[in-house]
>>> print(open('upload00.cif').read())   # mmCIF, N, CA and C atoms
data_final
#
loop_
_atom_site.label_atom_id
_atom_site.label_comp_id
_atom_site.auth_asym_id
_atom_site.auth_seq_id
_atom_site.Cartn_x
_atom_site.Cartn_y
_atom_site.Cartn_z
N MET A 1 164.17 35.39 334.06
CA MET A 1 165.47 34.97 333.59
C MET A 1 166.50 36.10 333.71
N ALA A 2 166.05 37.32 333.45
CA ALA A 2 166.97 38.45 333.53
C ALA A 2 167.40 38.69 334.97
N GLY A 3 166.54 38.36 335.93
CA GLY A 3 166.87 38.54 337.34
C GLY A 3 168.01 37.63 337.78
N LYS A 4 168.03 36.38 337.27
CA LYS A 4 169.09 35.45 337.63
C LYS A 4 170.43 35.91 337.06
N ASN A 5 170.44 36.40 335.84
CA ASN A 5 171.67 36.89 335.24
C ASN A 5 172.20 38.10 336.00
N ASN A 6 171.29 38.95 336.44
CA ASN A 6 171.67 40.13 337.19
C ASN A 6 172.28 39.74 338.53
N LEU A 7 171.73 38.72 339.19
CA LEU A 7 172.23 38.24 340.47
C LEU A 7 173.63 37.65 340.32
N LYS A 8 173.85 36.87 339.28
CA LYS A 8 175.16 36.27 339.05
C LYS A 8 176.20 37.33 338.76
N LYS A 9 175.82 38.39 338.08
CA LYS A 9 176.76 39.45 337.74
C LYS A 9 177.22 40.18 339.01
N THR A 10 176.29 40.47 339.91
CA THR A 10 176.68 41.18 341.13
C THR A 10 177.54 40.31 342.03
N GLU A 11 177.30 39.00 342.07
CA GLU A 11 178.14 38.11 342.88
C GLU A 11 179.56 38.06 342.33
N SER A 12 179.71 38.02 341.00
CA SER A 12 181.05 37.97 340.42
C SER A 12 181.76 39.31 340.59
N GLU A 13 181.02 40.42 340.59
CA GLU A 13 181.63 41.73 340.81
C GLU A 13 182.14 41.84 342.25
N ASN A 14 181.41 41.29 343.22
CA ASN A 14 181.84 41.33 344.62
C ASN A 14 183.10 40.50 344.84
N LYS A 15 183.25 39.38 344.13
CA LYS A 15 184.41 38.52 344.31
C LYS A 15 185.65 39.11 343.64
N ALA A 16 185.48 40.01 342.70
CA ALA A 16 186.61 40.53 341.95
C ALA A 16 187.48 41.47 342.79
N GLY A 17 186.91 42.20 343.74
CA GLY A 17 187.67 43.17 344.52
C GLY A 17 188.31 42.55 345.75
N PHE A 18 189.12 43.36 346.42
CA PHE A 18 189.74 42.93 347.67
C PHE A 18 188.69 42.89 348.77
N PRO A 19 188.84 41.98 349.72
CA PRO A 19 187.85 41.91 350.80
C PRO A 19 187.90 43.12 351.73
N ILE A 20 189.07 43.74 351.84
CA ILE A 20 189.22 44.93 352.68
C ILE A 20 189.68 46.07 351.76
N PRO A 21 189.01 47.23 351.80
CA PRO A 21 189.41 48.35 350.94
C PRO A 21 190.80 48.88 351.29
N VAL A 22 191.41 49.58 350.34
CA VAL A 22 192.76 50.10 350.50
C VAL A 22 192.83 51.09 351.67
N SER A 23 191.80 51.89 351.87
CA SER A 23 191.81 52.84 352.98
C SER A 23 191.85 52.11 354.32
N SER A 24 191.27 50.93 354.40
CA SER A 24 191.32 50.16 355.64
C SER A 24 192.72 49.64 355.90
N TYR A 25 193.47 49.31 354.86
CA TYR A 25 194.85 48.88 355.05
C TYR A 25 195.68 49.99 355.67
N LYS A 26 195.43 51.22 355.26
CA LYS A 26 196.13 52.36 355.85
C LYS A 26 195.78 52.49 357.33
N MET A 27 194.51 52.31 357.67
CA MET A 27 194.08 52.38 359.06
C MET A 27 194.71 51.24 359.87
N ILE A 28 194.82 50.05 359.27
CA ILE A 28 195.43 48.91 359.96
C ILE A 28 196.90 49.21 360.25
N LEU A 29 197.60 49.82 359.31
CA LEU A 29 199.00 50.19 359.54
C LEU A 29 199.13 51.22 360.66
N ILE A 30 198.21 52.18 360.72
CA ILE A 30 198.22 53.15 361.80
C ILE A 30 198.00 52.45 363.14
N GLY A 31 197.05 51.52 363.18
CA GLY A 31 196.80 50.75 364.40
C GLY A 31 198.01 49.93 364.80
N PHE A 32 198.68 49.35 363.83
CA PHE A 32 199.90 48.59 364.11
C PHE A 32 200.96 49.50 364.71
N GLY A 33 201.07 50.72 364.20
CA GLY A 33 202.01 51.70 364.76
C GLY A 33 201.67 52.05 366.20
N ILE A 34 200.37 52.14 366.52
CA ILE A 34 199.95 52.43 367.89
C ILE A 34 200.33 51.26 368.81
N VAL A 35 200.16 50.03 368.34
CA VAL A 35 200.53 48.86 369.14
C VAL A 35 202.04 48.85 369.39
N VAL A 36 202.82 49.13 368.36
CA VAL A 36 204.28 49.16 368.51
C VAL A 36 204.68 50.25 369.50
N LEU A 37 204.02 51.41 369.42
CA LEU A 37 204.29 52.49 370.37
C LEU A 37 204.02 52.03 371.81
N GLY A 38 202.95 51.30 372.01
CA GLY A 38 202.65 50.77 373.34
C GLY A 38 203.72 49.84 373.85
N PHE A 39 204.24 48.98 372.98
CA PHE A 39 205.30 48.08 373.41
C PHE A 39 206.60 48.83 373.65
N ILE A 40 206.85 49.89 372.91
CA ILE A 40 208.03 50.71 373.15
C ILE A 40 207.91 51.39 374.52
N LEU A 41 206.69 51.83 374.88
CA LEU A 41 206.49 52.44 376.19
C LEU A 41 206.74 51.45 377.32
N MET A 42 206.57 50.15 377.07
CA MET A 42 206.80 49.14 378.10
C MET A 42 208.28 48.83 378.29
N MET A 43 209.12 49.19 377.36
CA MET A 43 210.54 48.83 377.43
C MET A 43 211.26 49.58 378.54
N GLY A 44 212.38 49.03 378.95
CA GLY A 44 213.26 49.69 379.91
C GLY A 44 213.03 49.24 381.32
N GLY A 45 213.69 49.92 382.23
CA GLY A 45 213.53 49.63 383.64
C GLY A 45 214.41 48.51 384.14
N GLY A 46 215.30 48.05 383.30
CA GLY A 46 216.20 46.99 383.73
C GLY A 46 217.34 47.55 384.56
N SER A 47 218.06 46.68 385.19
CA SER A 47 219.19 47.08 386.02
C SER A 47 220.48 46.64 385.34
N SER A 48 221.51 47.46 385.49
CA SER A 48 222.79 47.11 384.87
C SER A 48 223.51 46.03 385.67
N SER A 49 223.20 45.93 386.96
CA SER A 49 223.81 44.93 387.81
C SER A 49 222.73 43.97 388.32
N PRO A 50 222.97 42.66 388.25
CA PRO A 50 221.96 41.72 388.74
C PRO A 50 221.83 41.72 390.27
N ASP A 51 222.76 42.39 390.96
CA ASP A 51 222.73 42.42 392.42
C ASP A 51 221.77 43.48 392.98
N GLU A 52 221.35 44.42 392.17
CA GLU A 52 220.46 45.48 392.66
C GLU A 52 219.16 45.48 391.88
N PHE A 53 218.09 45.84 392.56
CA PHE A 53 216.75 45.85 391.95
C PHE A 53 216.38 47.28 391.58
N ASN A 54 215.85 47.48 390.38
CA ASN A 54 215.46 48.80 389.92
C ASN A 54 213.94 48.90 389.98
N TYR A 55 213.43 49.81 390.77
CA TYR A 55 211.98 49.97 390.95
C TYR A 55 211.32 50.74 389.80
N ASP A 56 212.08 51.12 388.79
CA ASP A 56 211.49 51.81 387.63
C ASP A 56 210.56 50.91 386.83
N ILE A 57 210.63 49.62 387.02
CA ILE A 57 209.73 48.72 386.29
C ILE A 57 208.29 48.87 386.74
N PHE A 58 208.07 49.49 387.89
CA PHE A 58 206.72 49.68 388.41
C PHE A 58 206.19 51.09 388.16
N SER A 59 206.72 51.78 387.17
CA SER A 59 206.28 53.15 386.89
C SER A 59 204.89 53.14 386.23
N PHE A 60 204.22 54.28 386.30
CA PHE A 60 202.89 54.44 385.70
C PHE A 60 202.93 54.15 384.20
N ARG A 61 204.00 54.58 383.56
CA ARG A 61 204.11 54.40 382.10
C ARG A 61 204.11 52.93 381.72
N ARG A 62 204.82 52.10 382.46
CA ARG A 62 204.94 50.69 382.09
C ARG A 62 203.77 49.85 382.57
N ILE A 63 203.19 50.19 383.71
CA ILE A 63 202.14 49.36 384.30
C ILE A 63 200.75 49.74 383.80
N THR A 64 200.51 51.02 383.53
CA THR A 64 199.16 51.49 383.19
C THR A 64 199.06 52.03 381.78
N LEU A 65 199.90 52.99 381.44
CA LEU A 65 199.78 53.70 380.17
C LEU A 65 200.05 52.78 378.97
N ALA A 66 201.14 52.04 379.00
CA ALA A 66 201.52 51.20 377.86
C ALA A 66 200.47 50.13 377.54
N PRO A 67 199.94 49.39 378.52
CA PRO A 67 198.90 48.41 378.18
C PRO A 67 197.64 49.06 377.61
N ILE A 68 197.28 50.24 378.11
CA ILE A 68 196.12 50.94 377.56
C ILE A 68 196.37 51.32 376.11
N VAL A 69 197.57 51.81 375.80
CA VAL A 69 197.90 52.19 374.41
C VAL A 69 197.86 50.96 373.51
N VAL A 70 198.37 49.82 373.98
CA VAL A 70 198.34 48.59 373.17
C VAL A 70 196.89 48.16 372.91
N LEU A 71 196.04 48.19 373.93
CA LEU A 71 194.64 47.80 373.74
C LEU A 71 193.91 48.76 372.81
N VAL A 72 194.21 50.05 372.90
CA VAL A 72 193.61 51.02 371.97
C VAL A 72 194.06 50.72 370.55
N GLY A 73 195.33 50.35 370.38
CA GLY A 73 195.84 50.00 369.05
C GLY A 73 195.14 48.78 368.47
N PHE A 74 194.95 47.74 369.30
CA PHE A 74 194.25 46.55 368.83
C PHE A 74 192.78 46.87 368.52
N GLY A 75 192.16 47.71 369.33
CA GLY A 75 190.78 48.13 369.06
C GLY A 75 190.68 48.90 367.75
N PHE A 76 191.67 49.75 367.50
CA PHE A 76 191.69 50.52 366.25
C PHE A 76 191.84 49.59 365.05
N ILE A 77 192.69 48.58 365.17
CA ILE A 77 192.86 47.61 364.08
C ILE A 77 191.56 46.85 363.85
N PHE A 78 190.90 46.41 364.92
CA PHE A 78 189.63 45.71 364.80
C PHE A 78 188.60 46.59 364.10
N TRP A 79 188.53 47.85 364.50
CA TRP A 79 187.59 48.79 363.87
C TRP A 79 187.91 48.97 362.39
N ALA A 80 189.20 49.08 362.05
CA ALA A 80 189.60 49.28 360.65
C ALA A 80 189.22 48.08 359.79
N ILE A 81 189.29 46.89 360.35
CA ILE A 81 188.92 45.69 359.59
C ILE A 81 187.41 45.59 359.42
N MET A 82 186.67 45.90 360.48
CA MET A 82 185.23 45.67 360.48
C MET A 82 184.41 46.81 359.90
N ARG A 83 185.00 47.99 359.73
CA ARG A 83 184.19 49.12 359.27
C ARG A 83 183.72 48.91 357.84
N LYS A 84 182.56 49.47 357.55
CA LYS A 84 181.97 49.36 356.22
C LYS A 84 182.39 50.58 355.41
N PRO A 85 183.01 50.38 354.24
CA PRO A 85 183.43 51.55 353.45
C PRO A 85 182.23 52.31 352.91
N LYS A 86 182.45 53.59 352.74
CA LYS A 86 181.38 54.42 352.18
C LYS A 86 181.15 54.06 350.72
N ALA A 87 179.89 54.02 350.34
CA ALA A 87 179.54 53.68 348.95
C ALA A 87 179.76 54.88 348.05
N ASP A 88 180.31 54.63 346.89
CA ASP A 88 180.52 55.71 345.91
C ASP A 88 179.21 55.99 345.19
N ASN A 89 178.88 57.23 345.01
CA ASN A 89 177.65 57.61 344.33
C ASN A 89 177.92 58.03 342.89
N ASN A 90 178.75 57.26 342.20
CA ASN A 90 179.08 57.58 340.79
C ASN A 90 178.09 56.97 339.85
#
>>> encode(input="upload00.cif", output="structure tokens")
Amino acid sequence: MAGKNNLKKTESENKAGFPIPVSSYKMILIGFGIVVLGFILMMGGGSSSPDEFNYDIFSFRRITLAPIVVLVGFGFIFWAIMRKPKADNN
């Protein structure tokens, strides 16, 4: 009988807290910043006149670097959500 009460207590303690620890929210915000940085790197390269074409849109920064930064940011966010927090030994 004591085992069932103990089981119910641990289930209610698990439901009381947030599903993601506060430190993970900080990591998610950092990952979001990395994603935004990647999209900022993709910006630009437009032409002021519609009659002329600007080849700056095909630069290494916009075609290669920025998508890699965005994917790293999304990977970082995924890792921050899925990581297991360290157990406190108190």
>>> residues_near_point(input="upload00.cif", point="(206.5, 48.7, 372.8)", cutoff="12 Å", atoms="only C-alpha atoms", output="JSON, numbers by chain")
{"A": [32, 33, 34, 35, 36, 37, 38, 39, 40, 41, 42, 43, 44, 61, 62, 65, 66, 67, 68, 69, 70, 71, 73]}
>>> atom_distance(input="upload00.cif", atom1="atom N of A:Pro21", atom2="atom N of A:Ala80")
10.4 Å
>>> atom_distance(input="upload00.cif", atom1="atom C of A:Thr64", atom2="atom C of A:Gly31")
17.1 Å
>>> atom_distance(input="upload00.cif", atom1="atom N of A:Val22", atom2="atom N of A:Arg83")
11.5 Å
>>> residues_near_point(input="upload00.cif", point="(186.0, 50.1, 356.3)", cutoff="8 Å", atoms="only N, CA and C atoms", output="list of chain:residue names")
A:Ile20, A:Pro21, A:Ser23, A:Ser24, A:Tyr25, A:Trp79, A:Ala80, A:Ile81, A:Met82, A:Arg83, A:Lys84, A:Pro85, A:Lys86
>>> axis_aligned_box(input="upload00.cif", around="stretch 20-37 of chain A", padding_each_side="4 Å", output="JSON")
{"center_x": 196.8, "center_y": 48.4, "center_z": 361.1, "size_x": 23.7, "size_y": 17.4, "size_z": 29.5}
>>> decode(input="upload00.cif", residues="stretch 37-75 of chain A", atoms="N, CA and C atoms", output="PDB file, in the first residue's frame")
ATOM      1  N   LEU A  37      20.046  35.677 -36.954  1.00  0.00           N
ATOM      2  CA  LEU A  37      21.314  36.086 -37.555  1.00  0.00           C
ATOM      3  C   LEU A  37      21.471  35.485 -38.956  1.00  0.00           C
ATOM      4  N   GLY A  38      21.092  34.236 -39.121  1.00  0.00           N
ATOM      5  CA  GLY A  38      21.158  33.608 -40.436  1.00  0.00           C
ATOM      6  C   GLY A  38      20.268  34.300 -41.449  1.00  0.00           C
ATOM      7  N   PHE A  39      19.072  34.683 -41.041  1.00  0.00           N
ATOM      8  CA  PHE A  39      18.185  35.385 -41.964  1.00  0.00           C
ATOM      9  C   PHE A  39      18.697  36.789 -42.259  1.00  0.00           C
ATOM     10  N   ILE A  40      19.337  37.427 -41.303  1.00  0.00           N
ATOM     11  CA  ILE A  40      19.939  38.737 -41.553  1.00  0.00           C
ATOM     12  C   ILE A  40      21.073  38.604 -42.566  1.00  0.00           C
ATOM     13  N   LEU A  41      21.846  37.507 -42.475  1.00  0.00           N
ATOM     14  CA  LEU A  41      22.918  37.285 -43.441  1.00  0.00           C
ATOM     15  C   LEU A  41      22.374  37.077 -44.851  1.00  0.00           C
ATOM     16  N   MET A  42      21.138  36.598 -44.983  1.00  0.00           N
ATOM     17  CA  MET A  42      20.537  36.388 -46.302  1.00  0.00           C
ATOM     18  C   MET A  42      20.024  37.679 -46.931  1.00  0.00           C
ATOM     19  N   MET A  43      19.853  38.717 -46.158  1.00  0.00           N
ATOM     20  CA  MET A  43      19.257  39.955 -46.670  1.00  0.00           C
ATOM     21  C   MET A  43      20.196  40.679 -47.629  1.00  0.00           C
ATOM     22  N   GLY A  44      19.612  41.536 -48.441  1.00  0.00           N
ATOM     23  CA  GLY A  44      20.382  42.406 -49.325  1.00  0.00           C
ATOM     24  C   GLY A  44      20.523  41.843 -50.708  1.00  0.00           C
ATOM     25  N   GLY A  45      21.340  42.520 -51.486  1.00  0.00           N
ATOM     26  CA  GLY A  45      21.610  42.076 -52.839  1.00  0.00           C
ATOM     27  C   GLY A  45      20.600  42.534 -53.856  1.00  0.00           C
ATOM     28  N   GLY A  46      19.689  43.383 -53.439  1.00  0.00           N
ATOM     29  CA  GLY A  46      18.700  43.881 -54.382  1.00  0.00           C
ATOM     30  C   GLY A  46      19.278  44.992 -55.238  1.00  0.00           C
ATOM     31  N   SER A  47      18.568  45.343 -56.259  1.00  0.00           N
ATOM     32  CA  SER A  47      19.000  46.396 -57.165  1.00  0.00           C
ATOM     33  C   SER A  47      18.094  47.608 -56.982  1.00  0.00           C
ATOM     34  N   SER A  48      18.681  48.789 -57.100  1.00  0.00           N
ATOM     35  CA  SER A  48      17.883  50.002 -56.945  1.00  0.00           C
ATOM     36  C   SER A  48      17.037  50.270 -58.192  1.00  0.00           C
ATOM     37  N   SER A  49      17.479  49.755 -59.328  1.00  0.00           N
ATOM     38  CA  SER A  49      16.744  49.936 -60.574  1.00  0.00           C
ATOM     39  C   SER A  49      16.272  48.572 -61.082  1.00  0.00           C
ATOM     40  N   PRO A  50      15.014  48.454 -61.486  1.00  0.00           N
ATOM     41  CA  PRO A  50      14.538  47.162 -61.992  1.00  0.00           C
ATOM     42  C   PRO A  50      15.115  46.805 -63.369  1.00  0.00           C
ATOM     43  N   ASP A  51      15.790  47.767 -64.017  1.00  0.00           N
ATOM     44  CA  ASP A  51      16.349  47.525 -65.341  1.00  0.00           C
ATOM     45  C   ASP A  51      17.707  46.812 -65.299  1.00  0.00           C
ATOM     46  N   GLU A  52      18.359  46.799 -64.166  1.00  0.00           N
ATOM     47  CA  GLU A  52      19.682  46.166 -64.075  1.00  0.00           C
ATOM     48  C   GLU A  52      19.659  45.047 -63.046  1.00  0.00           C
ATOM     49  N   PHE A  53      20.459  44.029 -63.308  1.00  0.00           N
ATOM     50  CA  PHE A  53      20.515  42.851 -62.427  1.00  0.00           C
ATOM     51  C   PHE A  53      21.761  42.939 -61.556  1.00  0.00           C
ATOM     52  N   ASN A  54      21.615  42.677 -60.267  1.00  0.00           N
ATOM     53  CA  ASN A  54      22.730  42.734 -59.336  1.00  0.00           C
ATOM     54  C   ASN A  54      23.157  41.305 -58.999  1.00  0.00           C
ATOM     55  N   TYR A  55      24.373  40.949 -59.320  1.00  0.00           N
ATOM     56  CA  TYR A  55      24.874  39.595 -59.092  1.00  0.00           C
ATOM     57  C   TYR A  55      25.292  39.351 -57.639  1.00  0.00           C
ATOM     58  N   ASP A  56      25.127  40.324 -56.768  1.00  0.00           N
ATOM     59  CA  ASP A  56      25.459  40.133 -55.352  1.00  0.00           C
ATOM     60  C   ASP A  56      24.537  39.123 -54.672  1.00  0.00           C
ATOM     61  N   ILE A  57      23.416  38.809 -55.272  1.00  0.00           N
ATOM     62  CA  ILE A  57      22.513  37.823 -54.662  1.00  0.00           C
ATOM     63  C   ILE A  57      23.112  36.421 -54.691  1.00  0.00           C
ATOM     64  N   PHE A  58      24.129  36.209 -55.505  1.00  0.00           N
ATOM     65  CA  PHE A  58      24.768  34.899 -55.602  1.00  0.00           C
ATOM     66  C   PHE A  58      26.066  34.817 -54.807  1.00  0.00           C
ATOM     67  N   SER A  59      26.228  35.658 -53.807  1.00  0.00           N
ATOM     68  CA  SER A  59      27.462  35.656 -53.020  1.00  0.00           C
ATOM     69  C   SER A  59      27.504  34.435 -52.087  1.00  0.00           C
ATOM     70  N   PHE A  60      28.703  34.093 -51.639  1.00  0.00           N
ATOM     71  CA  PHE A  60      28.905  32.968 -50.720  1.00  0.00           C
ATOM     72  C   PHE A  60      28.091  33.155 -49.446  1.00  0.00           C
ATOM     73  N   ARG A  61      28.035  34.381 -48.965  1.00  0.00           N
ATOM     74  CA  ARG A  61      27.318  34.663 -47.713  1.00  0.00           C
ATOM     75  C   ARG A  61      25.841  34.316 -47.817  1.00  0.00           C
ATOM     76  N   ARG A  62      25.210  34.656 -48.925  1.00  0.00           N
ATOM     77  CA  ARG A  62      23.770  34.438 -49.057  1.00  0.00           C
ATOM     78  C   ARG A  62      23.413  33.022 -49.484  1.00  0.00           C
ATOM     79  N   ILE A  63      24.252  32.393 -50.286  1.00  0.00           N
ATOM     80  CA  ILE A  63      23.926  31.085 -50.839  1.00  0.00           C
ATOM     81  C   ILE A  63      24.376  29.941 -49.929  1.00  0.00           C
ATOM     82  N   THR A  64      25.495  30.105 -49.229  1.00  0.00           N
ATOM     83  CA  THR A  64      26.067  29.000 -48.456  1.00  0.00           C
ATOM     84  C   THR A  64      26.074  29.269 -46.960  1.00  0.00           C
ATOM     85  N   LEU A  65      26.658  30.376 -46.552  1.00  0.00           N
ATOM     86  CA  LEU A  65      26.864  30.643 -45.125  1.00  0.00           C
ATOM     87  C   LEU A  65      25.544  30.836 -44.372  1.00  0.00           C
ATOM     88  N   ALA A  66      24.662  31.666 -44.895  1.00  0.00           N
ATOM     89  CA  ALA A  66      23.407  31.970 -44.193  1.00  0.00           C
ATOM     90  C   ALA A  66      22.528  30.733 -43.985  1.00  0.00           C
ATOM     91  N   PRO A  67      22.319  29.878 -44.998  1.00  0.00           N
ATOM     92  CA  PRO A  67      21.517  28.675 -44.738  1.00  0.00           C
ATOM     93  C   PRO A  67      22.155  27.735 -43.715  1.00  0.00           C
ATOM     94  N   ILE A  68      23.485  27.646 -43.721  1.00  0.00           N
ATOM     95  CA  ILE A  68      24.158  26.808 -42.727  1.00  0.00           C
ATOM     96  C   ILE A  68      23.936  27.373 -41.330  1.00  0.00           C
ATOM     97  N   VAL A  69      24.023  28.695 -41.173  1.00  0.00           N
ATOM     98  CA  VAL A  69      23.796  29.324 -39.862  1.00  0.00           C
ATOM     99  C   VAL A  69      22.363  29.081 -39.402  1.00  0.00           C
ATOM    100  N   VAL A  70      21.390  29.184 -40.307  1.00  0.00           N
ATOM    101  CA  VAL A  70      19.989  28.943 -39.944  1.00  0.00           C
ATOM    102  C   VAL A  70      19.797  27.494 -39.496  1.00  0.00           C
ATOM    103  N   LEU A  71      20.363  26.541 -40.222  1.00  0.00           N
ATOM    104  CA  LEU A  71      20.229  25.134 -39.843  1.00  0.00           C
ATOM    105  C   LEU A  71      20.906  24.836 -38.509  1.00  0.00           C
ATOM    106  N   VAL A  72      22.056  25.459 -38.264  1.00  0.00           N
ATOM    107  CA  VAL A  72      22.728  25.295 -36.963  1.00  0.00           C
ATOM    108  C   VAL A  72      21.843  25.861 -35.854  1.00  0.00           C
ATOM    109  N   GLY A  73      21.194  26.986 -36.109  1.00  0.00           N
ATOM    110  CA  GLY A  73      20.290  27.576 -35.118  1.00  0.00           C
ATOM    111  C   GLY A  73      19.116  26.669 -34.801  1.00  0.00           C
ATOM    112  N   PHE A  74      18.506  26.082 -35.844  1.00  0.00           N
ATOM    113  CA  PHE A  74      17.398  25.158 -35.615  1.00  0.00           C
ATOM    114  C   PHE A  74      17.876  23.900 -34.889  1.00  0.00           C
ATOM    115  N   GLY A  75      19.057  23.417 -35.223  1.00  0.00           N
ATOM    116  CA  GLY A  75      19.619  22.261 -34.518  1.00  0.00           C
ATOM    117  C   GLY A  75      19.873  22.576 -33.052  1.00  0.00           C
TER     118      GLY A  75
END
